[in-house]
$ cat run_37.csv   # CSV, C-alpha atoms
chain,number,residue,atom,x,y,z
A,1,MET,CA,41.3,-41.5,209.5
A,2,ASP,CA,45.1,-41.3,210.1
A,3,ILE,CA,46.9,-39.4,212.8
A,4,THR,CA,47.6,-36.4,210.5
A,5,GLN,CA,44.0,-36.0,209.7
A,6,ARG,CA,43.0,-36.3,213.4
A,7,ARG,CA,45.5,-33.6,214.2
A,8,ARG,CA,44.2,-31.4,211.4
A,9,THR,CA,40.5,-31.7,212.3
A,10,ALA,CA,40.7,-31.8,216.1
A,11,ALA,CA,39.0,-28.8,217.6
A,12,PRO,CA,38.8,-27.5,221.1
A,13,PRO,CA,35.4,-27.5,222.7
A,14,ARG,CA,34.5,-23.8,222.8
A,15,GLY,CA,35.6,-20.4,221.7
A,16,GLY,CA,37.2,-19.5,218.4
A,17,GLY,CA,36.7,-16.9,215.7
A,18,ARG,CA,38.1,-13.5,215.3
A,19,LEU,CA,38.3,-11.3,218.4
A,20,ALA,CA,37.8,-7.6,217.4
A,21,VAL,CA,39.0,-6.4,220.8
A,22,VAL,CA,42.4,-8.1,220.2
A,23,ASP,CA,42.7,-6.2,216.9
A,24,GLY,CA,42.1,-2.9,218.8
A,25,LEU,CA,44.7,-3.9,221.5
A,26,ARG,CA,47.3,-4.5,218.7
A,27,LEU,CA,46.8,-1.0,217.3
A,28,CYS,CA,47.0,0.5,220.8
A,29,ALA,CA,50.3,-1.4,221.3
A,30,ALA,CA,51.7,-0.1,218.0
A,31,LEU,CA,50.6,3.5,218.8
A,32,ALA,CA,52.3,3.3,222.2
A,33,VAL,CA,55.6,2.2,220.6
A,34,ALA,CA,55.3,5.0,218.0
A,35,MET,CA,54.6,7.6,220.7
A,36,PHE,CA,57.7,6.4,222.6
A,37,HIS,CA,59.8,6.8,219.5
A,38,TYR,CA,58.3,10.1,218.4
A,39,THR,CA,58.1,12.0,221.7
A,40,ALA,CA,60.4,10.3,224.2
A,41,ILE,CA,63.5,8.5,223.0
A,42,ASN,CA,64.2,10.3,219.7
A,43,SER,CA,63.2,13.8,220.7
A,44,VAL,CA,66.5,15.5,219.7
A,45,ALA,CA,66.7,13.8,216.3
A,46,PHE,CA,63.1,14.6,215.5
A,47,TRP,CA,62.5,18.0,217.2
A,48,GLY,CA,65.9,19.4,218.1
A,49,ASP,CA,64.8,19.6,221.7
A,50,ARG,CA,65.4,17.2,224.6
A,51,ALA,CA,62.0,17.7,226.1
A,52,PRO,CA,59.6,18.9,223.4
A,53,PHE,CA,56.5,17.4,224.9
A,54,GLY,CA,57.1,17.9,228.7
A,55,ARG,CA,54.7,15.9,230.8
A,56,LEU,CA,53.5,13.8,227.8
A,57,ALA,CA,57.0,12.4,227.4
A,58,HIS,CA,56.9,11.2,231.1
A,59,LEU,CA,54.0,9.0,230.0
A,60,THR,CA,55.2,7.9,226.6
A,61,ALA,CA,58.6,7.0,228.0
A,62,TYR,CA,56.8,3.8,229.0
A,63,GLY,CA,55.5,3.2,225.4
A,64,TRP,CA,58.2,0.6,224.7
A,65,LEU,CA,56.1,-1.7,226.9
A,66,GLY,CA,53.7,-1.9,223.9
A,67,VAL,CA,56.1,-4.6,222.6
A,68,GLU,CA,55.4,-6.7,225.6
A,69,LEU,CA,51.7,-6.4,224.9
A,70,PHE,CA,52.4,-7.5,221.3
A,71,PHE,CA,54.1,-10.6,222.5
A,72,MET,CA,51.2,-11.5,224.8
A,73,ILE,CA,48.7,-11.0,222.0
A,74,SER,CA,51.0,-13.1,219.8
A,75,GLY,CA,50.9,-16.0,222.2
A,76,PHE,CA,47.2,-15.8,222.4
A,77,VAL,CA,46.3,-15.6,218.7
A,78,ILE,CA,49.0,-18.0,217.4
A,79,SER,CA,47.6,-20.6,219.7
A,80,LEU,CA,44.2,-19.8,218.4
A,81,SER,CA,45.0,-19.9,214.7
A,82,ALA,CA,47.3,-22.9,214.9
A,83,TRP,CA,44.7,-25.2,216.3
A,84,GLY,CA,43.6,-27.7,213.7
A,85,ARG,CA,46.6,-27.0,211.4
A,86,THR,CA,49.3,-29.4,210.4
A,87,ALA,CA,52.9,-28.3,210.9
A,88,GLY,CA,53.2,-27.5,207.2
A,89,GLY,CA,50.0,-25.4,207.3
A,90,PHE,CA,51.2,-23.5,210.4
A,91,ALA,CA,54.5,-22.7,208.6
A,92,ARG,CA,52.8,-21.6,205.5
A,93,SER,CA,50.4,-19.4,207.4
A,94,ARG,CA,53.3,-17.7,209.3
A,95,LEU,CA,55.2,-17.1,206.1
A,96,ILE,CA,52.2,-15.7,204.3
A,97,ARG,CA,51.3,-13.5,207.2
A,98,LEU,CA,54.8,-12.1,207.9
A,99,PHE,CA,56.8,-11.7,204.8
A,100,PRO,CA,54.7,-9.7,202.3
A,101,ALA,CA,54.2,-6.7,204.5
A,102,TYR,CA,57.8,-7.1,205.8
A,103,TRP,CA,59.3,-7.1,202.3
A,104,ALA,CA,57.3,-4.0,201.4
A,105,ALA,CA,58.5,-2.3,204.6
A,106,VAL,CA,62.2,-3.2,204.1
A,107,LEU,CA,62.2,-1.8,200.5
A,108,LEU,CA,60.2,1.3,201.3
A,109,THR,CA,62.3,2.1,204.4
A,110,ALA,CA,65.5,1.5,202.4
A,111,ALA,CA,64.3,3.9,199.7
A,112,VAL,CA,63.5,6.6,202.2
A,113,ALA,CA,66.8,6.1,203.9
A,114,VAL,CA,68.7,6.5,200.6
A,115,LEU,CA,66.7,9.3,199.2
A,116,VAL,CA,66.2,11.3,202.4
A,117,PRO,CA,69.1,10.3,204.7
A,118,THR,CA,68.2,12.7,207.6
A,119,PHE,CA,67.5,10.1,210.3
A,120,GLY,CA,69.1,6.8,211.2
A,121,LEU,CA,72.2,5.0,210.1
A,122,PRO,CA,73.2,4.7,206.4
A,123,VAL,CA,71.8,1.7,204.5
A,124,ASN,CA,73.6,-0.3,201.8
A,125,ALA,CA,72.5,-3.0,199.3
A,126,ARG,CA,74.0,-5.9,201.2
A,127,GLN,CA,72.2,-4.9,204.4
A,128,VAL,CA,68.9,-4.7,202.5
A,129,VAL,CA,69.3,-8.1,201.0
A,130,VAL,CA,70.0,-9.7,204.3
A,131,ASN,CA,67.1,-7.9,205.9
A,132,LEU,CA,64.8,-9.3,203.3
A,133,THR,CA,65.5,-12.8,204.7
A,134,MET,CA,64.5,-11.7,208.2
A,135,LEU,CA,67.7,-13.3,209.5
A,136,ASN,CA,69.6,-10.0,210.0
A,137,GLU,CA,69.3,-10.2,213.8
A,138,PRO,CA,71.1,-13.6,214.2
A,139,LEU,CA,73.6,-12.6,211.5
A,140,LYS,CA,74.3,-9.4,213.4
A,141,VAL,CA,73.4,-7.2,210.4
A,142,THR,CA,71.9,-3.9,211.3
A,143,SER,CA,68.2,-3.7,210.6
A,144,VAL,CA,67.0,-1.2,208.0
A,145,ASP,CA,64.6,-0.1,210.7
A,146,LEU,CA,65.6,-0.8,214.3
A,147,SER,CA,62.0,-1.7,215.1
A,148,PHE,CA,62.4,-4.9,213.1
A,149,TRP,CA,64.2,-6.6,216.0
A,150,THR,CA,60.9,-7.9,217.4
A,151,LEU,CA,60.4,-10.1,214.4
A,152,TRP,CA,63.4,-12.3,215.5
A,153,ALA,CA,61.8,-12.7,218.9
A,154,GLU,CA,58.5,-13.7,217.2
A,155,ALA,CA,60.3,-16.1,214.8
A,156,ARG,CA,61.9,-18.0,217.8
A,157,PHE,CA,58.5,-18.3,219.4
A,158,TYR,CA,57.0,-19.7,216.1
A,159,LEU,CA,59.8,-22.2,215.9
A,160,LEU,CA,59.1,-23.5,219.4
A,161,PHE,CA,55.4,-23.5,218.9
A,162,GLY,CA,55.8,-25.1,215.5
A,163,LEU,CA,57.4,-28.1,217.1
A,164,LEU,CA,54.4,-28.4,219.3
A,165,VAL,CA,52.1,-28.2,216.3
A,166,TRP,CA,54.1,-31.0,214.7
A,167,ALA,CA,53.7,-33.2,217.7
A,168,GLY,CA,49.9,-32.4,217.7
A,169,LEU,CA,48.0,-29.9,219.7
A,170,SER,CA,46.0,-30.8,222.7
A,171,ARG,CA,45.1,-28.9,225.9
A,172,GLY,CA,47.5,-31.0,228.0
A,173,ARG,CA,50.4,-30.6,225.6
A,174,VAL,CA,49.9,-26.9,225.2
A,175,LEU,CA,49.6,-26.5,229.0
A,176,TRP,CA,52.8,-28.4,229.8
A,177,PHE,CA,54.6,-26.7,226.9
A,178,GLY,CA,53.9,-23.4,228.6
A,179,TYR,CA,55.2,-24.5,232.0
A,180,ALA,CA,58.2,-26.2,230.5
A,181,TRP,CA,59.2,-23.1,228.5
A,182,LEU,CA,59.0,-20.9,231.6
A,183,ILE,CA,61.1,-23.3,233.7
A,184,GLY,CA,63.6,-23.7,230.9
A,185,ALA,CA,63.8,-20.0,230.4
A,186,VAL,CA,64.7,-19.5,234.1
A,187,ILE,CA,67.3,-22.3,234.0
A,188,SER,CA,68.9,-20.8,230.9
A,189,VAL,CA,69.7,-17.5,232.6
A,190,ASN,CA,72.7,-18.9,234.5
A,191,SER,CA,73.3,-21.9,232.3
A,192,GLY,CA,76.3,-20.4,230.6
A,193,MET,CA,74.8,-21.6,227.3
A,194,PRO,CA,74.1,-18.7,224.9
A,195,VAL,CA,72.3,-20.9,222.5
A,196,LEU,CA,69.8,-21.9,225.2
A,197,VAL,CA,69.2,-18.3,226.1
A,198,THR,CA,68.7,-17.5,222.4
A,199,VAL,CA,66.2,-20.2,221.9
A,200,LEU,CA,64.3,-19.8,225.1
A,201,GLN,CA,64.6,-16.0,225.3
A,202,PRO,CA,63.9,-15.6,229.1
A,203,ALA,CA,63.2,-11.8,228.7
A,204,TYR,CA,60.2,-12.5,226.5
A,205,ALA,CA,59.1,-16.0,227.3
A,206,PRO,CA,56.7,-14.8,230.1
A,207,TYR,CA,54.7,-12.7,227.7
A,208,PHE,CA,54.3,-15.3,225.0
A,209,VAL,CA,53.4,-18.0,227.6
A,210,ALA,CA,50.9,-15.6,229.2
A,211,GLY,CA,49.2,-15.3,225.9
A,212,ILE,CA,49.1,-19.1,225.6
A,213,GLY,CA,47.6,-19.4,229.1
A,214,PHE,CA,44.9,-16.9,228.2
A,215,PHE,CA,44.1,-18.8,225.1
A,216,LEU,CA,43.6,-22.0,227.2
A,217,ILE,CA,41.2,-20.0,229.4
A,218,HIS,CA,39.4,-18.7,226.4
A,219,ARG,CA,39.0,-22.1,224.7
A,220,PHE,CA,38.6,-24.4,227.6
A,221,GLY,CA,37.4,-22.3,230.4
A,222,SER,CA,38.7,-21.4,233.8
A,223,ASP,CA,40.9,-24.0,235.4
A,224,LEU,CA,43.4,-23.8,238.2
A,225,ARG,CA,46.2,-25.2,235.9
A,226,HIS,CA,45.4,-22.5,233.3
A,227,TRP,CA,45.4,-19.7,235.8
A,228,GLY,CA,48.5,-21.1,237.4
A,229,LEU,CA,50.3,-20.8,234.1
A,230,VAL,CA,49.2,-17.2,233.7
A,231,GLY,CA,50.2,-16.5,237.3
A,232,LEU,CA,53.7,-17.9,236.9
A,233,ALA,CA,54.1,-15.9,233.6
A,234,TRP,CA,53.0,-12.8,235.4
A,235,ALA,CA,55.5,-13.2,238.2
A,236,LEU,CA,58.4,-13.7,235.8
A,237,ALA,CA,57.2,-10.8,233.6
A,238,ILE,CA,57.2,-8.6,236.7
A,239,TYR,CA,60.7,-9.6,237.5
A,240,SER,CA,61.8,-9.2,233.9
A,241,VAL,CA,60.4,-5.7,233.4
A,242,GLY,CA,61.8,-4.5,236.8
A,243,ALA,CA,65.2,-5.8,235.9
A,244,ARG,CA,65.2,-4.1,232.6
A,245,VAL,CA,64.0,-0.7,234.0
A,246,GLU,CA,66.8,-0.8,236.6
A,247,HIS,CA,69.4,-1.8,234.0
A,248,SER,CA,68.2,1.1,231.7
A,249,ALA,CA,68.5,3.6,234.6
A,250,ARG,CA,72.1,2.5,235.3
A,251,THR,CA,73.4,2.3,231.7
A,252,GLU,CA,71.4,4.9,229.8
A,253,HIS,CA,70.5,7.4,232.6
A,254,ARG,CA,66.8,7.1,231.8
A,255,PRO,CA,65.1,7.1,235.2
A,256,LEU,CA,61.9,5.2,235.0
A,257,SER,CA,59.7,4.0,237.8
A,258,VAL,CA,59.9,0.2,238.4
A,259,THR,CA,56.5,0.4,240.1
A,260,VAL,CA,54.9,2.2,237.1
A,261,ALA,CA,56.3,-0.4,234.7
A,262,MET,CA,55.1,-3.2,236.8
A,263,LEU,CA,51.6,-1.7,237.0
A,264,ILE,CA,51.5,-1.3,233.3
A,265,VAL,CA,52.4,-4.9,232.7
A,266,THR,CA,49.9,-6.0,235.3
A,267,GLY,CA,47.3,-4.0,233.4
A,268,PHE,CA,48.1,-5.9,230.3
A,269,PHE,CA,47.5,-9.1,232.1
A,270,LEU,CA,44.2,-7.9,233.5
A,271,VAL,CA,43.0,-6.7,230.0
A,272,LEU,CA,43.7,-10.0,228.4
A,273,ALA,CA,42.1,-11.8,231.3
A,274,VAL,CA,38.9,-9.9,230.6
A,275,VAL,CA,39.2,-10.9,226.9
A,276,ALA,CA,39.9,-14.5,227.8
A,277,VAL,CA,36.9,-15.0,230.0
A,278,GLY,CA,34.6,-13.7,227.2
A,279,TRP,CA,33.5,-10.4,228.7
A,280,THR,CA,34.4,-8.6,225.4
A,281,ALA,CA,32.9,-11.1,223.0
A,282,ARG,CA,30.0,-8.9,222.0
A,283,ILE,CA,32.3,-6.1,220.8
A,284,ARG,CA,32.5,-6.7,217.1
A,285,TRP,CA,33.0,-3.2,215.6
A,286,ARG,CA,34.3,-3.5,212.1
A,287,TRP,CA,36.7,-0.6,212.4
A,288,LEU,CA,38.6,-2.7,215.0
A,289,THR,CA,39.2,-5.4,212.4
A,290,THR,CA,40.5,-2.7,210.0
A,291,ALA,CA,42.7,-1.4,212.8
A,292,GLY,CA,44.1,-4.9,213.2
A,293,LEU,CA,45.0,-5.1,209.5
A,294,LEU,CA,46.9,-1.8,209.7
A,295,THR,CA,48.9,-2.6,212.8
A,296,TYR,CA,51.6,-4.7,211.3
A,297,PRO,CA,52.6,-2.4,208.4
A,298,PHE,CA,52.2,0.6,210.6
A,299,TYR,CA,54.6,-0.8,213.2
A,300,LEU,CA,57.1,-1.8,210.5
A,301,LEU,CA,57.1,1.6,208.9
A,302,HIS,CA,56.5,4.0,211.8
A,303,GLN,CA,60.1,4.6,213.1
A,304,ARG,CA,62.3,5.5,210.2
A,305,VAL,CA,59.7,6.5,207.6
A,306,GLY,CA,57.5,8.3,210.2
A,307,GLY,CA,60.5,9.9,211.9
A,308,THR,CA,61.8,11.3,208.6
A,309,LEU,CA,58.3,12.8,208.0
A,310,LEU,CA,58.4,14.4,211.5
A,311,GLN,CA,61.6,16.2,210.6
A,312,HIS,CA,59.8,17.8,207.7
A,313,PHE,CA,56.6,18.7,209.5
A,314,HIS,CA,58.1,21.4,211.7
A,315,PHE,CA,56.0,24.1,210.0
A,316,LEU,CA,53.1,22.8,212.1
A,317,PRO,CA,52.7,23.1,215.9
A,318,ARG,CA,54.3,20.1,217.6
A,319,TYR,CA,51.1,18.4,218.6
A,320,GLY,CA,49.7,19.1,215.1
A,321,ALA,CA,52.8,17.6,213.5
A,322,LEU,CA,52.6,14.6,215.7
A,323,GLY,CA,49.0,14.0,214.9
A,324,ALA,CA,49.5,14.6,211.2
A,325,VAL,CA,52.4,12.1,211.0
A,326,VAL,CA,50.5,9.4,212.8
A,327,GLY,CA,47.6,9.9,210.4
A,328,VAL,CA,49.8,9.9,207.4
A,329,MET,CA,51.5,6.7,208.6
A,330,LEU,CA,48.2,5.0,209.1
A,331,VAL,CA,47.3,5.9,205.5
A,332,VAL,CA,50.6,4.6,204.3
A,333,ALA,CA,50.0,1.4,206.2
A,334,TRP,CA,46.6,1.0,204.6
A,335,LEU,CA,48.1,1.6,201.1
A,336,SER,CA,50.9,-0.9,201.8
A,337,HIS,CA,48.3,-3.5,203.0
A,338,ARG,CA,45.9,-3.0,200.2
A,339,PHE,CA,48.3,-2.7,197.2
A,340,LEU,CA,51.4,-4.6,198.3
A,341,GLU,CA,50.8,-7.0,201.2
A,342,ARG,CA,47.4,-8.4,200.2
A,343,PRO,CA,48.1,-9.1,196.5
A,344,LEU,CA,51.5,-10.7,197.4
A,345,ALA,CA,49.9,-12.7,200.2
A,346,GLY,CA,47.3,-14.0,197.8
A,347,TYR,CA,49.9,-15.0,195.3
A,348,LEU,CA,51.9,-16.9,198.0
A,349,HIS,CA,48.8,-18.5,199.3
A,350,ARG,CA,48.0,-19.9,195.9
A,351,ARG,CA,51.6,-21.0,195.1
A,352,LEU,CA,52.2,-22.5,198.6
A,353,ALA,CA,48.9,-24.3,199.0
A,354,PRO,CA,49.1,-28.0,199.3
A,355,GLY,CA,48.9,-29.6,195.8
A,356,ALA,CA,49.5,-26.2,194.1
A,357,VAL,CA,52.3,-27.7,191.9
A,358,ASP,CA,50.0,-30.5,190.8
A,359,VAL,CA,47.2,-28.0,190.1
A,360,VAL,CA,49.5,-25.9,187.8
A,361,ARG,CA,50.7,-29.0,186.0
A,362,GLY,CA,47.2,-30.3,185.6
A,363,ALA,CA,46.0,-27.0,184.3
A,364,ARG,CA,48.7,-26.9,181.7
A,365,SER,CA,47.8,-30.4,180.5
A,366,GLY,CA,44.1,-29.7,180.6
A,367,VAL,CA,43.5,-32.3,183.2
A,368,LEU,CA,42.7,-31.8,186.9
A,369,SER,CA,42.6,-34.5,189.5
A,370,GLY,CA,40.0,-34.4,192.2
A,371,SER,CA,42.4,-33.0,194.7
A,372,GLY,CA,43.7,-30.5,192.1
A,373,ALA,CA,40.2,-29.3,191.4
A,374,ALA,CA,39.5,-28.9,195.1
A,375,ALA,CA,42.7,-26.8,195.4
A,376,VAL,CA,41.6,-24.6,192.5
A,377,SER,CA,38.2,-24.0,194.0
A,378,GLY,CA,39.8,-23.3,197.4
A,379,VAL,CA,42.0,-20.6,195.7
A,380,ALA,CA,39.0,-19.1,194.0
A,381,ALA,CA,37.1,-18.9,197.2
A,382,VAL,CA,40.1,-17.2,198.9
A,383,SER,CA,40.8,-14.7,196.2
A,384,GLY,CA,37.2,-14.1,195.3
A,385,ALA,CA,35.9,-12.9,198.6
A,386,GLY,CA,36.9,-9.4,198.2
A,387,GLY,CA,40.5,-10.3,197.4
A,388,HIS,CA,41.1,-11.6,201.0
A,389,SER,CA,43.7,-14.2,201.5
A,390,GLU,CA,44.5,-16.4,204.5
A,391,ALA,CA,46.9,-13.8,205.6
A,392,VAL,CA,44.1,-11.3,205.9
A,393,ALA,CA,41.8,-13.7,207.6
A,394,ILE,CA,44.3,-14.4,210.4
A,395,ALA,CA,45.7,-10.9,210.7
A,396,ALA,CA,44.9,-10.6,214.4
A,397,GLU,CA,47.2,-13.4,215.2
A,398,GLU,CA,48.4,-11.7,213.9
A,399,PRO,CA,67.6,-5.6,225.2
A,400,ALA,CA,74.8,-7.0,231.2
A,401,PRO,CA,76.4,-9.5,232.7
A,402,GLY,CA,74.9,-11.5,235.6
A,403,ALA,CA,71.4,-13.0,236.1
A,404,VAL,CA,69.6,-9.6,235.8
A,405,GLY,CA,71.5,-8.8,232.6
A,406,ALA,CA,70.5,-12.0,230.9
A,407,TRP,CA,66.9,-10.9,231.3
A,408,ALA,CA,67.5,-7.2,230.6
A,409,ASN,CA,70.3,-6.7,228.0
A,410,THR,CA,68.6,-7.6,224.8
A,411,VAL,CA,65.4,-5.7,225.3
A,412,THR,CA,67.0,-2.6,226.8
A,413,GLN,CA,69.3,-2.1,223.8
A,414,ARG,CA,66.6,-2.4,221.2
A,415,THR,CA,63.5,-0.9,222.7
A,416,THR,CA,65.3,2.3,223.6
A,417,SER,CA,67.3,2.6,220.4
A,418,PRO,CA,66.5,5.5,218.0
$ encode --input "run_37.csv" --output "structure tokens"
Amino acid sequence: MDITQRRRTAAPPRGGGRLAVVDGLRLCAALAVAMFHYTAINSVAFWGDRAPFGRLAHLTAYGWLGVELFFMISGFVISLSAWGRTAGGFARSRLIRLFPAYWAAVLLTAAVAVLVPTFGLPVNARQVVVNLTMLNEPLKVTSVDLSFWTLWAEARFYLLFGLLVWAGLSRGRVLWFGYAWLIGAVISVNSGMPVLVTVLQPAYAPYFVAGIGFFLIHRFGSDLRHWGLVGLAWALAIYSVGARVEHSARTEHRPLSVTVAMLIVTGFFLVLAVVAVGWTARIRWRWLTTAGLLTYPFYLLHQRVGGTLLQHFHFLPRYGALGAVVGVMLVVAWLSHRFLERPLAGYLHRRLAPGAVDVVRGARSGVLSGSGAAAVSGVAAVSGAGGHSEAVAIAAEEPAPGAVGAWANTVTQRTTSP
């Protein structure tokens, strides 16, 4: 057995499998972000009123913190799903998971922006094409939907973690990767090197690393080194969120409580700690898995498409309109998943599977090698089980100068944008 095979087949000693509670947390995070956009930050554009929901808006004003929860969950489930994969397998799984739903969301959102241009900035063909590559953020091209900015943060995390997968995953390597990333992120703040800040993203690194730390606890059990990583990530996350809230209050005149924001983030850590130690392992409600599948398309579509719907639902009472739009967007997310994302993911899975080219050539010539036959049977198994592809199986893995500004500027500008 060579090194590649050992890396592929190595498995941690305990844990694994899909965690239904994590699926539910992902949906809660997406709904929190949606409520922030629908009732707090875009109230004039959607309702023609600066305070249409009164006290509710005081609560949903913190909904942008759902993005932080997303990043924590991502650190957890990417570590979980990457174990036992090669670097190539990890890259394929990320591509298959992200792009089908994203392509559908870009095209659908662009169509709504062109046909019903009542909310958001105008969209042009060049912008849409660049958005389809998911490289619009580094190229400074406006996103078709401003919620897409989080995908660039996720992509940078995948790049760093992919290098670790390439080197080979082990508990020690993952642990020290987490510590090194946090220390590097702190150093990058005053380094005067924008590239280093871009790669290490100090504003978000604590959340991704926290998820990695909770994964280690989930897989290998409680250990002072694991909890130390989580504790360091929590301390930096508290500093980061406090700096961003203060920056937002100064620049956007949106007074939020630093204490409340810190308590919310601390709550995220406590919830994931409960998951990591296995106290929620018996919760396996199937509807949570379905919720997890809908979260990604719902998040991608909720702001511009959902906001446009809100502008046309004023014939209903405000709370009725709000509930109706959330319900409609969940249905749209399911339709997108069922009829666009899943078929396209299945196609990509078949075409990008190792040996897929040899399988196609062998099929055309009427001859299949042993490895080619195995690949075909694997594809049949994937597509035959209710049409589920790998992308479905791992779906839970699913913006100032100065030191404070380096942590705050990127998130404040994006999470508070309409």
$ closest_residue --input "run_37.csv" --among "A:Leu160, A:Val195, A:Ala243, A:Leu175" --to "Ala210 (chain A)" --atoms "only C-alpha atoms"
A:Leu175
$ closest_atom_pairs --input "run_37.csv" --of "region 68-179 of chain A" --to "region 301-321 of chain A" --cutoff "12 Å" --atoms "all atoms listed in the file" --output "JSON lines"
{"residue": "A:Ala101", "atom": "CA", "partner": "A:Leu301", "partner_atom": "CA", "distance": 9.8}
{"residue": "A:Tyr102", "atom": "CA", "partner": "A:Leu301", "partner_atom": "CA", "distance": 9.3}
{"residue": "A:Trp103", "atom": "CA", "partner": "A:Leu301", "partner_atom": "CA", "distance": 11.1}
{"residue": "A:Ala104", "atom": "CA", "partner": "A:Leu301", "partner_atom": "CA", "distance": 9.4}
{"residue": "A:Ala105", "atom": "CA", "partner": "A:Leu301", "partner_atom": "CA", "distance": 6.0}
{"residue": "A:Val106", "atom": "CA", "partner": "A:Leu301", "partner_atom": "CA", "distance": 8.5}
{"residue": "A:Leu107", "atom": "CA", "partner": "A:Leu301", "partner_atom": "CA", "distance": 10.4}
{"residue": "A:Leu108", "atom": "CA", "partner": "A:Val305", "partner_atom": "CA", "distance": 8.2}
{"residue": "A:Thr109", "atom": "CA", "partner": "A:Val305", "partner_atom": "CA", "distance": 6.0}
{"residue": "A:Ala110", "atom": "CA", "partner": "A:Val305", "partner_atom": "CA", "distance": 9.3}
{"residue": "A:Ala111", "atom": "CA", "partner": "A:Val305", "partner_atom": "CA", "distance": 9.5}
{"residue": "A:Val112", "atom": "CA", "partner": "A:Val305", "partner_atom": "CA", "distance": 6.6}
{"residue": "A:Ala113", "atom": "CA", "partner": "A:Arg304", "partner_atom": "CA", "distance": 7.8}
{"residue": "A:Val114", "atom": "CA", "partner": "A:Val305", "partner_atom": "CA", "distance": 11.4}
{"residue": "A:Leu115", "atom": "CA", "partner": "A:Thr308", "partner_atom": "CA", "distance": 10.8}
{"residue": "A:Val116", "atom": "CA", "partner": "A:Thr308", "partner_atom": "CA", "distance": 7.6}
{"residue": "A:Pro117", "atom": "CA", "partner": "A:Thr308", "partner_atom": "CA", "distance": 8.3}
{"residue": "A:Thr118", "atom": "CA", "partner": "A:Thr308", "partner_atom": "CA", "distance": 6.6}
{"residue": "A:Phe119", "atom": "CA", "partner": "A:Thr308", "partner_atom": "CA", "distance": 6.1}
{"residue": "A:Gly120", "atom": "CA", "partner": "A:Arg304", "partner_atom": "CA", "distance": 7.0}
{"residue": "A:Leu121", "atom": "CA", "partner": "A:Arg304", "partner_atom": "CA", "distance": 9.9}
{"residue": "A:Pro122", "atom": "CA", "partner": "A:Arg304", "partner_atom": "CA", "distance": 11.6}
{"residue": "A:Val123", "atom": "CA", "partner": "A:Arg304", "partner_atom": "CA", "distance": 11.7}
{"residue": "A:Ser143", "atom": "CA", "partner": "A:Arg304", "partner_atom": "CA", "distance": 10.9}
{"residue": "A:Val144", "atom": "CA", "partner": "A:Arg304", "partner_atom": "CA", "distance": 8.5}
{"residue": "A:Asp145", "atom": "CA", "partner": "A:Arg304", "partner_atom": "CA", "distance": 6.1}
{"residue": "A:Leu146", "atom": "CA", "partner": "A:Gln303", "partner_atom": "CA", "distance": 7.8}
{"residue": "A:Ser147", "atom": "CA", "partner": "A:Gln303", "partner_atom": "CA", "distance": 6.9}
{"residue": "A:Phe148", "atom": "CA", "partner": "A:Leu301", "partner_atom": "CA", "distance": 9.4}
$ atom_distance --input "run_37.csv" --atom1 "CA of Lys140 (chain A)" --atom2 "CA of Val128 (chain A)"
13.0 Å
$ atom_distance --input "run_37.csv" --atom1 "CA of Leu272 (chain A)" --atom2 "CA of Gly323 (chain A)"
28.0 Å
$ atom_distance --input "run_37.csv" --atom1 "CA of Gly89 (chain A)" --atom2 "CA of Leu200 (chain A)"
23.5 Å
$ residues_around --input "run_37.csv" --residues "Val277 (chain A)" --least-positions-apart "6" --cutoff "9 Å" --atoms "all atoms listed in the file" --output "VMD selection string"
chain A and resid 214 217 to 218 221 to 222
$ residues_around --input "run_37.csv" --residues "region 233-242 of chain A" --least-positions-apart "4" --cutoff "7 Å" --atoms "all atoms listed in the file" --output "PyMOL selection string"
chain A and resi 203+206-207+209-210+229+246+258+261-262+407-408
$ residues_near_point --input "run_37.csv" --point "(67.8, -15.2, 213.5)" --cutoff "10 Å" --atoms "only C-alpha atoms" --output "CSV table (one decimal) with C-alpha atoms, in the frame of the given file"
chain,number,residue,atom,x,y,z
A,133,THR,CA,65.5,-12.8,204.7
A,134,MET,CA,64.5,-11.7,208.2
A,135,LEU,CA,67.7,-13.3,209.5
A,136,ASN,CA,69.6,-10.0,210.0
A,137,GLU,CA,69.3,-10.2,213.8
A,138,PRO,CA,71.1,-13.6,214.2
A,139,LEU,CA,73.6,-12.6,211.5
A,140,LYS,CA,74.3,-9.4,213.4
A,149,TRP,CA,64.2,-6.6,216.0
A,151,LEU,CA,60.4,-10.1,214.4
A,152,TRP,CA,63.4,-12.3,215.5
A,153,ALA,CA,61.8,-12.7,218.9
A,155,ALA,CA,60.3,-16.1,214.8
A,156,ARG,CA,61.9,-18.0,217.8
A,198,THR,CA,68.7,-17.5,222.4
A,199,VAL,CA,66.2,-20.2,221.9
$ closest_residue --input "run_37.csv" --among "A:Pro202, A:Gly66, A:Gly75, A:Gly24" --to "Trp181 (chain A)" --atoms "all atoms listed in the file"
A:Pro202
$ residues_around --input "run_37.csv" --residues "region 50-64 of chain A" --least-positions-apart "2" --cutoff "10 Å" --atoms "all atoms listed in the file" --output "count of residues only"
39
